[in-house]
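Participant: Sending over a structure as structure tokens; questions will come in a sec.
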Amino acid sequence: MATSDNKLADTDEKIFVGKGEETAWLTLALANRHGLVTGATGTGKTVTLQVMAEGFARAGVPVFAADIKGDLSGISEVGEAKDFIVKRAQQMGLTFQPDQFSTVFWDVFGEQGHPVRATVTEMGPLLLSRMLDLNDVQEGVLNVAFRVADENGLALIDMKDLRALLDAIAPDGSKKAADGEEDPLAPIRKAAQGYGNVSKATVGTIQRQLLVLENQGGAKFFGEPALTLKDFMRTDRDGRGMVNILVADKLMQSPRLYATFLLWMLSELFEELPEAGDLPKPKLVFFFDEAHLLFNDAPKALMDKIEQVVRLIRSKGVGVYFVTQNPIDVPDKVLAQLGNRVQHALRAFTPRDQKAVAAAAQTFRPNPKLDTARVIMELAKGEALVSFLEGGGTPSMVERVMVRPPSARIGPITPEERKAIMDASPVKGKYDTAIDAESAYEIIQKRLAGTATPADGAPGEGGGILGQIGSIVATIFGTNVKRGRLSTGQVIARNVTRSVTDKVVGGVVADLGKSVGGSVGGSIGRALVRGALGGILRR
């Protein structure tokens with residue numbers, strides 16, 4: 001922490017966070033090394049998050065933050081010079097200057113912000129399995145369903161698509177068409193059984209779990225238009241970073257949906273952004289509140305991928321900041337990636353609390369002037385122990401500081417203020433109306449009715465190898481893909497930019513060889529890019 005600069009204000013290179021015997025500066029060039037904000041309830045974590053978000057926005061860095069209690073929404077309105085705010089600023093030698101920041105509100109349920117949607121295909125089987133709390137056998141059947149969808153050109157967009165597909169792969173030899181012919185979905189059922197035993201009981205269990213998710217409002221999350229993550233990475237007319245706030249008070253009633261959604265966002269950012277190396281400032285900073293929900297009951301395969309994404313997304317220019325009560329909520333492998341630390345007060349009432357205090361103290365670089373473990377329990381509201389990365393990327397010695405007051409309003413905004421902000425939003429109208437394009441549900445219904453056409457993507461109906469090659473070319477250039485949906489060509493191009501050209505090209509050739517006589521154009525891109533996190537290539 002440098003102290004040579006007596007001007008306590010954000011600069012183009014660093015953010016002023018707080019002041020004690022030393023001044024706490026967060027260096028923008030090291031902000032993509034991730035961070036951790038911890039502390040007991042009511043100790044000031046949300047205010048610290050707001051101070052950091054304001055600093056990033058001033059520096060032109062877009063911010064995404066989950067707002068659990070609604071308190072963070074005040075960042076969109078001009079701050080008030082209340083007595084305690086002015087007094088704290090004066091104690092630091094700082095002149096309080098009210099400010100506000102350009103804000104976009106998002107809401108999975110579309111009630112207090114712009115709707116956030118993703119397609120079932122983009123979510124992928126592993127994340128969807130976690131969202132549904134499936135066991136290994138049920139997850140395996142879900143993977144079969146996704147594979148069959150790929151091979152039969154069945155786009156999985158929303159929940160009814162997935163339900164229709166699950167019904168289609170469930171074994172039922174008694175079904176006949178009206179004219180006595182075989183079940184029109186027999187090829188799909190046969191394909192599913194080719195990957196292992198798919199029982200009707202297992203499919204039924206998955207369907208019931210889908211119903212639970214629907215009852216929690218999860219059905220609103222799946223659909224089109226799907227979220228374009230670049231809409232998060234905007235600056236306003238003054239060059240300041242936009243602050244994107246996910247309204248999560250209702251979403252927190254479904255913690256597994258909340259955690260899976262945010263993990264999906266991280267994986268999509270990792271996939272879409274090109275390598276950037278070390279930048280003067282991040283492209284985007286992501287604040288993950290109630291971070292312990294991400295790691296609760298996560299299987300080892302998922303934990304490995306979380307650790308991988310956190311470790312590698314730094315090179316894409318994205319900083320990830322976890323906000324939680326105890327540092328022991330975060331696994332050691334992930335904790336090791338979090339170089340910038342802010343620790344508010346902890347209370348040691350139980351053995352677990354004492355363990356948390358000891359663990360928090362041990363994660364800091366010691367300061368001979370401080371008994372870190374003792375100070376953690378003595379911190380007042382608004383005080384924190386801080387250690388940010390210094391020039392060489394090494395953590396500074398831990399310091400006790402008072403966090404500076406935010407410039408914007410502290411606390412929630414009114415419904416009228418929120419409506420005014422949404423009416424002036426740069427994405428107003430883009431996501432507000434759901435689109436129900438033709439996808440797996442409609443295609444399967446057509447087959448059952450005997451009206452399916454080659455355009456539906458049924459296997460073997462591509463007009464021979466020339467027709468299949470034509471389909472591939474049309475898909476690559478986007479001529480047969482509905483507007484707003486990711487084309488295979490776009491998916492492949494997106495992955496080529498991820499420095500995995502050899503792997504992608506090899507995968508295309510392999511899939512082409514396997515798919516002769518099948519629905520090549522509809523399967524190559526999805527098979528290539530769907531990985532363990534709903535889109536990340538397996539490494």
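Going by the structure tokens order, chains are called A, B, ..., each with residues numbered from 1, while ligands are numbered from 1 in the order shown.
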Could you give me, as a ChimeraX atom specification, the residues within 9 Å of Ala437 in chain A, counting only C-alpha atoms and dropping anything in the same chain fewer than 2 positions from it?

Facilitator: /A:157,224,435,439,442,482

Participant: Can I get the selection written as a PDB file, in the first residue's frame, with N, CA, C and O atoms?

Facilitator:
ATOM      1  N   ILE A 157     -34.138 -24.958 -26.267  1.00  0.00           N
ATOM      2  CA  ILE A 157     -34.192 -23.542 -25.924  1.00  0.00           C
ATOM      3  C   ILE A 157     -34.794 -23.340 -24.539  1.00  0.00           C
ATOM      4  O   ILE A 157     -34.190 -22.705 -23.672  1.00  0.00           O
ATOM      5  N   GLU A 224     -35.500 -17.444 -25.092  1.00  0.00           N
ATOM      6  CA  GLU A 224     -34.892 -16.437 -25.956  1.00  0.00           C
ATOM      7  C   GLU A 224     -35.723 -15.154 -25.908  1.00  0.00           C
ATOM      8  O   GLU A 224     -36.923 -15.216 -25.628  1.00  0.00           O
ATOM      9  N   ILE A 435     -39.331 -14.636 -26.872  1.00  0.00           N
ATOM     10  CA  ILE A 435     -39.552 -15.148 -28.228  1.00  0.00           C
ATOM     11  C   ILE A 435     -39.614 -16.667 -28.172  1.00  0.00           C
ATOM     12  O   ILE A 435     -38.715 -17.307 -27.623  1.00  0.00           O
ATOM     13  N   SER A 439     -38.349 -24.995 -32.045  1.00  0.00           N
ATOM     14  CA  SER A 439     -37.236 -25.726 -31.450  1.00  0.00           C
ATOM     15  C   SER A 439     -37.687 -27.162 -31.191  1.00  0.00           C
ATOM     16  O   SER A 439     -38.612 -27.653 -31.852  1.00  0.00           O
ATOM     17  N   GLU A 442     -41.551 -28.075 -30.817  1.00  0.00           N
ATOM     18  CA  GLU A 442     -42.350 -27.948 -32.040  1.00  0.00           C
ATOM     19  C   GLU A 442     -41.980 -29.028 -33.060  1.00  0.00           C
ATOM     20  O   GLU A 442     -42.854 -29.595 -33.737  1.00  0.00           O
ATOM     21  N   LYS A 482     -32.206 -18.842 -37.127  1.00  0.00           N
ATOM     22  CA  LYS A 482     -33.068 -17.725 -36.783  1.00  0.00           C
ATOM     23  C   LYS A 482     -32.271 -16.619 -36.122  1.00  0.00           C
ATOM     24  O   LYS A 482     -31.347 -16.857 -35.379  1.00  0.00           O
TER      25      LYS A 482
END

Participant: Counting only C-alpha atoms, which residues in range 114-163 of chain A sit no more than 9 Å from range 298-312 of chain A? For each one, give the nearest pair of atoms and the distance in Å, sorted by chain then residue number, as CSV.

Facilitator:
residue,atom,partner,partner_atom,distance
A:Leu126,CA,A:Leu302,CA,8.0
A:Leu127,CA,A:Leu302,CA,8.4
A:Arg130,CA,A:Ala298,CA,7.8

Participant: Name all residues at most 10 Å from Arg147 in chain A (count only C-alpha atoms; drop same-chain ones fewer than 3 positions away) and give them as a PyMOL selection string.

Facilitator: chain A and resi 125+141-144+150-152+154+191-192+195+523+526-527

Participant: For the residues in that selection, give me all heavy atoms as a short mmCIF file (atom, residue, chain, number, x, y, z; two decimals), in the first residue's frame.

Facilitator:
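Generated output (again_32.cif):
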data_model
loop_
_atom_site.label_atom_id
_atom_site.label_comp_id
_atom_site.auth_asym_id
_atom_site.auth_seq_id
_atom_site.Cartn_x
_atom_site.Cartn_y
_atom_site.Cartn_z
N PRO A 125 -25.44 -29.91 -19.65
CA PRO A 125 -25.96 -30.93 -18.76
C PRO A 125 -25.39 -30.91 -17.34
O PRO A 125 -26.10 -31.24 -16.39
CB PRO A 125 -25.60 -32.24 -19.47
CG PRO A 125 -24.47 -31.89 -20.38
CD PRO A 125 -24.71 -30.48 -20.79
N VAL A 141 -28.33 -39.76 -17.80
CA VAL A 141 -29.47 -39.75 -18.72
C VAL A 141 -29.63 -38.37 -19.34
O VAL A 141 -29.94 -38.24 -20.53
CB VAL A 141 -30.75 -40.19 -17.99
CG1 VAL A 141 -31.98 -39.95 -18.86
CG2 VAL A 141 -30.67 -41.66 -17.60
N LEU A 142 -29.40 -37.33 -18.55
CA LEU A 142 -29.49 -35.97 -19.09
C LEU A 142 -28.42 -35.74 -20.15
O LEU A 142 -28.67 -35.10 -21.18
CB LEU A 142 -29.36 -34.95 -17.96
CG LEU A 142 -29.78 -33.52 -18.29
CD1 LEU A 142 -31.25 -33.45 -18.69
CD2 LEU A 142 -29.52 -32.59 -17.10
N ASN A 143 -27.23 -36.27 -19.94
CA ASN A 143 -26.19 -36.17 -20.96
C ASN A 143 -26.59 -36.90 -22.24
O ASN A 143 -26.31 -36.44 -23.35
CB ASN A 143 -24.87 -36.74 -20.41
CG ASN A 143 -24.05 -35.73 -19.65
OD1 ASN A 143 -23.33 -34.94 -20.24
ND2 ASN A 143 -24.18 -35.74 -18.33
N VAL A 144 -27.24 -38.05 -22.08
CA VAL A 144 -27.74 -38.77 -23.26
C VAL A 144 -28.74 -37.91 -24.01
O VAL A 144 -28.71 -37.83 -25.25
CB VAL A 144 -28.38 -40.11 -22.83
CG1 VAL A 144 -29.14 -40.73 -24.00
CG2 VAL A 144 -27.32 -41.08 -22.31
N ASP A 150 -28.34 -33.14 -30.08
CA ASP A 150 -27.31 -32.72 -31.03
C ASP A 150 -27.43 -33.48 -32.35
O ASP A 150 -27.38 -32.90 -33.43
CB ASP A 150 -25.91 -32.95 -30.45
CG ASP A 150 -25.54 -31.94 -29.37
OD1 ASP A 150 -26.21 -30.89 -29.30
OD2 ASP A 150 -24.59 -32.21 -28.62
N GLU A 151 -27.57 -34.80 -32.24
CA GLU A 151 -27.53 -35.63 -33.43
C GLU A 151 -28.81 -35.54 -34.26
O GLU A 151 -28.81 -35.91 -35.43
CB GLU A 151 -27.29 -37.09 -33.02
CG GLU A 151 -25.91 -37.29 -32.39
CD GLU A 151 -25.69 -38.72 -31.95
OE1 GLU A 151 -26.69 -39.46 -31.87
OE2 GLU A 151 -24.53 -39.09 -31.70
N ASN A 152 -29.89 -35.07 -33.67
CA ASN A 152 -31.16 -34.99 -34.38
C ASN A 152 -31.59 -33.57 -34.70
O ASN A 152 -32.72 -33.34 -35.11
CB ASN A 152 -32.25 -35.69 -33.55
CG ASN A 152 -32.12 -37.20 -33.58
OD1 ASN A 152 -32.72 -37.87 -34.42
ND2 ASN A 152 -31.32 -37.75 -32.67
N LEU A 154 -32.25 -31.06 -32.76
CA LEU A 154 -33.33 -30.60 -31.88
C LEU A 154 -32.79 -29.51 -30.96
O LEU A 154 -32.08 -29.79 -29.99
CB LEU A 154 -33.88 -31.77 -31.05
CG LEU A 154 -34.45 -32.94 -31.85
CD1 LEU A 154 -34.80 -34.10 -30.93
CD2 LEU A 154 -35.68 -32.50 -32.65
N ALA A 191 -31.78 -44.28 -30.59
CA ALA A 191 -30.50 -43.58 -30.45
C ALA A 191 -30.14 -43.41 -28.98
O ALA A 191 -28.98 -43.57 -28.58
CB ALA A 191 -30.57 -42.22 -31.14
N ALA A 192 -31.13 -43.08 -28.15
CA ALA A 192 -30.87 -42.89 -26.72
C ALA A 192 -30.42 -44.19 -26.07
O ALA A 192 -29.47 -44.21 -25.28
CB ALA A 192 -32.13 -42.37 -26.03
N TYR A 195 -26.75 -45.34 -26.16
CA TYR A 195 -25.74 -44.78 -25.25
C TYR A 195 -25.84 -45.37 -23.85
O TYR A 195 -25.15 -44.92 -22.94
CB TYR A 195 -25.90 -43.26 -25.16
CG TYR A 195 -25.55 -42.57 -26.46
CD1 TYR A 195 -26.53 -41.97 -27.23
CD2 TYR A 195 -24.23 -42.53 -26.91
CE1 TYR A 195 -26.22 -41.34 -28.43
CE2 TYR A 195 -23.90 -41.92 -28.10
CZ TYR A 195 -24.91 -41.32 -28.86
OH TYR A 195 -24.59 -40.70 -30.03
N SER A 523 -25.11 -30.60 -35.44
CA SER A 523 -24.48 -31.18 -34.25
C SER A 523 -23.05 -30.75 -34.02
O SER A 523 -22.58 -30.79 -32.90
CB SER A 523 -24.52 -32.71 -34.34
OG SER A 523 -23.74 -33.14 -35.44
N ARG A 526 -22.43 -27.60 -31.49
CA ARG A 526 -22.85 -27.85 -30.11
C ARG A 526 -21.99 -28.92 -29.46
O ARG A 526 -21.63 -28.83 -28.29
CB ARG A 526 -24.33 -28.23 -30.08
CG ARG A 526 -25.25 -27.08 -30.43
CD ARG A 526 -26.70 -27.45 -30.19
NE ARG A 526 -27.15 -28.52 -31.07
CZ ARG A 526 -27.66 -28.31 -32.29
NH1 ARG A 526 -27.76 -27.08 -32.76
NH2 ARG A 526 -28.05 -29.32 -33.02
N ALA A 527 -21.64 -29.99 -30.23
CA ALA A 527 -20.81 -31.04 -29.66
C ALA A 527 -19.42 -30.53 -29.30
O ALA A 527 -18.81 -30.97 -28.34
CB ALA A 527 -20.70 -32.21 -30.64
#

Participant: Write out as a Markdown table the residues of range 215-298 of chain A that have any atom within 12 Å of an atom of range 320-323 of chain A, one row each with the nearest atom pair and its distance in Å to one decimal, counting only C-alpha atoms, sorted by chain and then rising number.

Facilitator:
| residue | atom | partner | partner_atom | distance |
| --- | --- | --- | --- | --- |
| A:Leu262 | CA | A:Val320 | CA | 11.3 |
| A:Leu263 | CA | A:Val320 | CA | 11.4 |
| A:Met265 | CA | A:Val320 | CA | 11.6 |
| A:Leu266 | CA | A:Val320 | CA | 8.9 |
| A:Leu269 | CA | A:Val320 | CA | 11.3 |
| A:Phe270 | CA | A:Val320 | CA | 11.6 |
| A:Pro282 | CA | A:Val320 | CA | 10.2 |
| A:Lys283 | CA | A:Val320 | CA | 11.3 |
| A:Leu284 | CA | A:Val320 | CA | 8.7 |
| A:Val285 | CA | A:Val320 | CA | 5.9 |
| A:Phe286 | CA | A:Val320 | CA | 4.8 |
| A:Phe287 | CA | A:Tyr321 | CA | 4.8 |
| A:Phe288 | CA | A:Phe322 | CA | 4.9 |
| A:Asp289 | CA | A:Val323 | CA | 4.6 |
| A:Glu290 | CA | A:Val323 | CA | 5.9 |
| A:Ala291 | CA | A:Phe322 | CA | 5.7 |
| A:His292 | CA | A:Val323 | CA | 8.5 |
| A:Leu293 | CA | A:Val323 | CA | 10.8 |
| A:Leu294 | CA | A:Phe322 | CA | 10.0 |
| A:Phe295 | CA | A:Phe322 | CA | 11.5 |

Participant: Give me the residues of range 359-446 of chain A that have any atom at most 10 Å from an atom of range 39-47 of chain A; for each, the nearest atom pair and the distance in Å, rounded to one decimal. Use only C-alpha atoms, sort by chain and number, and format it as CSV.

Facilitator:
residue,atom,partner,partner_atom,distance
A:Ala360,CA,A:Gly39,CA,9.9
A:Ile376,CA,A:Gly39,CA,9.0
A:Leu379,CA,A:Thr43,CA,8.5
A:Ala380,CA,A:Thr43,CA,7.3
A:Lys381,CA,A:Thr43,CA,4.7
A:Gly382,CA,A:Gly44,CA,5.1
A:Glu383,CA,A:Gly44,CA,7.8
A:Ala384,CA,A:Gly44,CA,8.7
A:Val403,CA,A:Val47,CA,8.4
A:Arg404,CA,A:Val47,CA,9.0
A:Pro405,CA,A:Val47,CA,7.7
A:Pro406,CA,A:Val47,CA,7.1
A:Ile410,CA,A:Val47,CA,7.5
A:Gly411,CA,A:Val47,CA,9.2

Participant: Which residues are near range 244-255 of chain A? Cut-off 7 Å, only C-alpha atoms, ignore same chain within fewer than 3 positions. Put them as a list of chain:residue names.

Facilitator: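 The contact residues come out as A:Val63, A:Phe64, A:Ala65, A:Ala66, A:Asp67, A:Ile68, A:Lys69, A:Gly70, A:Thr103, A:Val104, A:Phe105, A:Trp106, A:Asp107, A:Gln112, A:Gly113, A:Gln216, A:Phe232, A:Tyr258, A:Ala259, A:Leu293.
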
Participant: Would you mind exporting all heavy atoms of the selected residues as a compact mmCIF listing (two decimals), in the first residue's frame?

Facilitator:
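Wrote it out as out.txt, contents follow:
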# COMPACT_ATOMS: atom_id res chain seq x y z
N VAL A 63 -18.98 -3.07 -14.20
CA VAL A 63 -19.11 -3.87 -12.98
C VAL A 63 -20.39 -4.71 -13.07
O VAL A 63 -21.43 -4.22 -13.55
CB VAL A 63 -19.16 -2.96 -11.74
CG1 VAL A 63 -19.49 -3.77 -10.48
CG2 VAL A 63 -17.85 -2.21 -11.57
N PHE A 64 -20.31 -5.94 -12.61
CA PHE A 64 -21.51 -6.76 -12.40
C PHE A 64 -21.53 -7.18 -10.94
O PHE A 64 -20.54 -7.69 -10.42
CB PHE A 64 -21.53 -8.00 -13.28
CG PHE A 64 -22.71 -8.89 -13.01
CD1 PHE A 64 -23.90 -8.70 -13.69
CD2 PHE A 64 -22.65 -9.88 -12.04
CE1 PHE A 64 -25.00 -9.50 -13.41
CE2 PHE A 64 -23.75 -10.68 -11.77
CZ PHE A 64 -24.93 -10.49 -12.45
N ALA A 65 -22.67 -6.96 -10.28
CA ALA A 65 -22.78 -7.31 -8.86
C ALA A 65 -24.17 -7.86 -8.56
O ALA A 65 -25.17 -7.33 -9.04
CB ALA A 65 -22.48 -6.10 -7.98
N ALA A 66 -24.21 -8.91 -7.77
CA ALA A 66 -25.48 -9.44 -7.29
C ALA A 66 -25.90 -8.67 -6.05
O ALA A 66 -25.11 -8.47 -5.13
CB ALA A 66 -25.33 -10.92 -6.96
N ASP A 67 -27.15 -8.22 -6.03
CA ASP A 67 -27.68 -7.42 -4.93
C ASP A 67 -28.68 -8.27 -4.16
O ASP A 67 -29.82 -8.43 -4.57
CB ASP A 67 -28.34 -6.15 -5.47
CG ASP A 67 -28.70 -5.16 -4.38
OD1 ASP A 67 -28.25 -5.34 -3.24
OD2 ASP A 67 -29.45 -4.20 -4.67
N ILE A 68 -28.23 -8.81 -3.04
CA ILE A 68 -29.04 -9.75 -2.29
C ILE A 68 -30.16 -9.04 -1.52
O ILE A 68 -31.31 -9.49 -1.48
CB ILE A 68 -28.17 -10.56 -1.32
CG1 ILE A 68 -27.08 -11.31 -2.08
CG2 ILE A 68 -29.02 -11.52 -0.50
CD1 ILE A 68 -27.59 -12.32 -3.07
N LYS A 69 -29.83 -7.92 -0.87
CA LYS A 69 -30.79 -7.24 0.00
C LYS A 69 -31.41 -5.99 -0.62
O LYS A 69 -32.28 -5.37 -0.02
CB LYS A 69 -30.10 -6.86 1.32
CG LYS A 69 -29.59 -8.06 2.11
CD LYS A 69 -28.79 -7.63 3.33
CE LYS A 69 -27.47 -7.00 2.92
NZ LYS A 69 -26.60 -6.67 4.06
N GLY A 70 -30.96 -5.60 -1.78
CA GLY A 70 -31.48 -4.39 -2.41
C GLY A 70 -30.71 -3.14 -2.04
O GLY A 70 -30.96 -2.06 -2.59
N THR A 103 -26.44 2.86 -14.17
CA THR A 103 -26.77 1.53 -13.67
C THR A 103 -27.79 0.84 -14.56
O THR A 103 -28.71 1.49 -15.08
CB THR A 103 -27.33 1.63 -12.23
OG1 THR A 103 -26.40 2.34 -11.41
CG2 THR A 103 -27.58 0.26 -11.64
N VAL A 104 -27.62 -0.46 -14.75
CA VAL A 104 -28.59 -1.29 -15.45
C VAL A 104 -29.03 -2.39 -14.49
O VAL A 104 -28.18 -3.08 -13.92
CB VAL A 104 -28.02 -1.91 -16.74
CG1 VAL A 104 -29.06 -2.79 -17.42
CG2 VAL A 104 -27.54 -0.82 -17.70
N PHE A 105 -30.32 -2.53 -14.30
CA PHE A 105 -30.85 -3.56 -13.40
C PHE A 105 -31.27 -4.79 -14.21
O PHE A 105 -31.90 -4.69 -15.26
CB PHE A 105 -32.06 -3.03 -12.62
CG PHE A 105 -31.69 -1.97 -11.61
CD1 PHE A 105 -31.95 -0.64 -11.86
CD2 PHE A 105 -31.09 -2.33 -10.41
CE1 PHE A 105 -31.60 0.33 -10.94
CE2 PHE A 105 -30.74 -1.37 -9.48
CZ PHE A 105 -31.00 -0.03 -9.74
N TRP A 106 -30.92 -5.96 -13.67
CA TRP A 106 -31.26 -7.24 -14.28
C TRP A 106 -32.00 -8.10 -13.26
O TRP A 106 -31.75 -8.00 -12.05
CB TRP A 106 -30.00 -7.98 -14.74
CG TRP A 106 -29.15 -7.20 -15.70
CD1 TRP A 106 -28.15 -6.32 -15.40
CD2 TRP A 106 -29.23 -7.23 -17.13
NE1 TRP A 106 -27.60 -5.80 -16.54
CE2 TRP A 106 -28.24 -6.33 -17.62
CE3 TRP A 106 -30.04 -7.91 -18.04
CZ2 TRP A 106 -28.05 -6.12 -18.98
CZ3 TRP A 106 -29.84 -7.69 -19.39
CH2 TRP A 106 -28.86 -6.81 -19.85
N ASP A 107 -32.88 -8.95 -13.75
CA ASP A 107 -33.67 -9.79 -12.85
C ASP A 107 -34.06 -11.06 -13.60
O ASP A 107 -34.68 -10.99 -14.68
CB ASP A 107 -34.92 -9.04 -12.38
CG ASP A 107 -35.74 -9.82 -11.35
OD1 ASP A 107 -35.38 -10.96 -11.04
OD2 ASP A 107 -36.75 -9.27 -10.87
N GLN A 112 -37.95 -6.69 -11.42
CA GLN A 112 -37.30 -5.46 -10.98
C GLN A 112 -36.10 -5.10 -11.84
O GLN A 112 -35.28 -4.26 -11.46
CB GLN A 112 -36.86 -5.60 -9.52
CG GLN A 112 -37.99 -5.87 -8.55
CD GLN A 112 -37.49 -5.93 -7.12
OE1 GLN A 112 -37.06 -4.92 -6.55
NE2 GLN A 112 -37.54 -7.11 -6.53
N GLY A 113 -36.01 -5.73 -12.98
CA GLY A 113 -34.91 -5.46 -13.90
C GLY A 113 -35.19 -6.14 -15.23
O GLY A 113 -36.18 -6.84 -15.40
N GLN A 216 -40.24 -22.87 -8.76
CA GLN A 216 -39.39 -21.84 -8.17
C GLN A 216 -39.16 -20.66 -9.12
O GLN A 216 -38.44 -19.74 -8.77
CB GLN A 216 -38.04 -22.45 -7.77
CG GLN A 216 -38.13 -23.48 -6.66
CD GLN A 216 -36.80 -24.12 -6.36
OE1 GLN A 216 -35.82 -23.98 -7.11
NE2 GLN A 216 -36.72 -24.84 -5.24
N PHE A 232 -23.10 -6.43 -20.68
CA PHE A 232 -22.58 -6.06 -19.37
C PHE A 232 -21.35 -5.15 -19.49
O PHE A 232 -21.02 -4.45 -18.54
CB PHE A 232 -22.15 -7.31 -18.58
CG PHE A 232 -23.29 -8.14 -18.08
CD1 PHE A 232 -23.11 -9.48 -17.80
CD2 PHE A 232 -24.54 -7.59 -17.87
CE1 PHE A 232 -24.15 -10.25 -17.32
CE2 PHE A 232 -25.59 -8.36 -17.40
CZ PHE A 232 -25.39 -9.69 -17.14
N TYR A 258 -29.59 -19.64 -8.01
CA TYR A 258 -28.74 -18.44 -7.93
C TYR A 258 -27.29 -18.79 -8.20
O TYR A 258 -26.62 -18.17 -9.04
CB TYR A 258 -28.90 -17.81 -6.54
CG TYR A 258 -27.87 -16.75 -6.20
CD1 TYR A 258 -27.94 -15.48 -6.77
CD2 TYR A 258 -26.84 -17.02 -5.31
CE1 TYR A 258 -27.00 -14.51 -6.45
CE2 TYR A 258 -25.90 -16.05 -4.99
CZ TYR A 258 -25.99 -14.80 -5.57
OH TYR A 258 -25.05 -13.86 -5.25
N ALA A 259 -26.76 -19.78 -7.49
CA ALA A 259 -25.36 -20.14 -7.64
C ALA A 259 -25.06 -20.67 -9.03
O ALA A 259 -24.04 -20.33 -9.64
CB ALA A 259 -24.97 -21.17 -6.58
N LEU A 293 -22.60 -20.24 -1.51
CA LEU A 293 -23.59 -21.03 -2.22
C LEU A 293 -23.01 -21.70 -3.47
O LEU A 293 -23.52 -22.71 -3.94
CB LEU A 293 -24.79 -20.15 -2.61
CG LEU A 293 -25.57 -19.56 -1.44
CD1 LEU A 293 -26.63 -18.60 -1.95
CD2 LEU A 293 -26.21 -20.66 -0.61

Participant: Can you pull out every residue within 9 Å of Leu156 in chain A, counting only C-alpha atoms, but drop anything in the same chain fewer than 2 positions away, and send it as a list in words?

Facilitator: Thr119, Val120, Thr121, Glu122, Phe146, Ala149, Leu154, Asp158, Met159, Lys160, Asp161, Leu162, Leu165, Ser439, Ala440 and Tyr441 of chain A

Participant: Which is closer to Gln343 in chain A than all the others in A:Lys19, A:Arg58, A:Arg240, A:Arg400, using only C-alpha atoms?

Facilitator: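 Result for the nearest residue to Gln343 in chain A: A:Arg400.
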
Participant: Show me, as a PyMOL selection string, the residues that have an atom within 12 Å of range 426-430 of chain A when counting only C-alpha atoms, minus same-chain residues fewer than 2 positions from it.

Facilitator: chain A and resi 102-106+113-117+224-237+242+244+419-424+432-435+484

Participant: Just list the residues in range 207-387 of chain A DSSP gives strand (DSSP E) on the backbone, as an MDAnalysis selection string.

Facilitator: chainID A and resid 243:247 284:289 318:324 340:343 383:387

Participant: Determine which residues of range 63-183 of chain A receive a DSSP assignment of helix (DSSP H, G or I), computed from the backbone, and state them as a PyMOL selection string.

Facilitator: chain A and resi 71-76+83-91+120-132+136-151+159-169

Participant: Using only C-alpha atoms, which residues sit within 6 Å of Gly241 in chain A once same-chain residues fewer than 2 positions away are excluded, as a list in words?

Facilitator: Ala57, Gly60, Val61, Pro62 and Thr235 of chain A
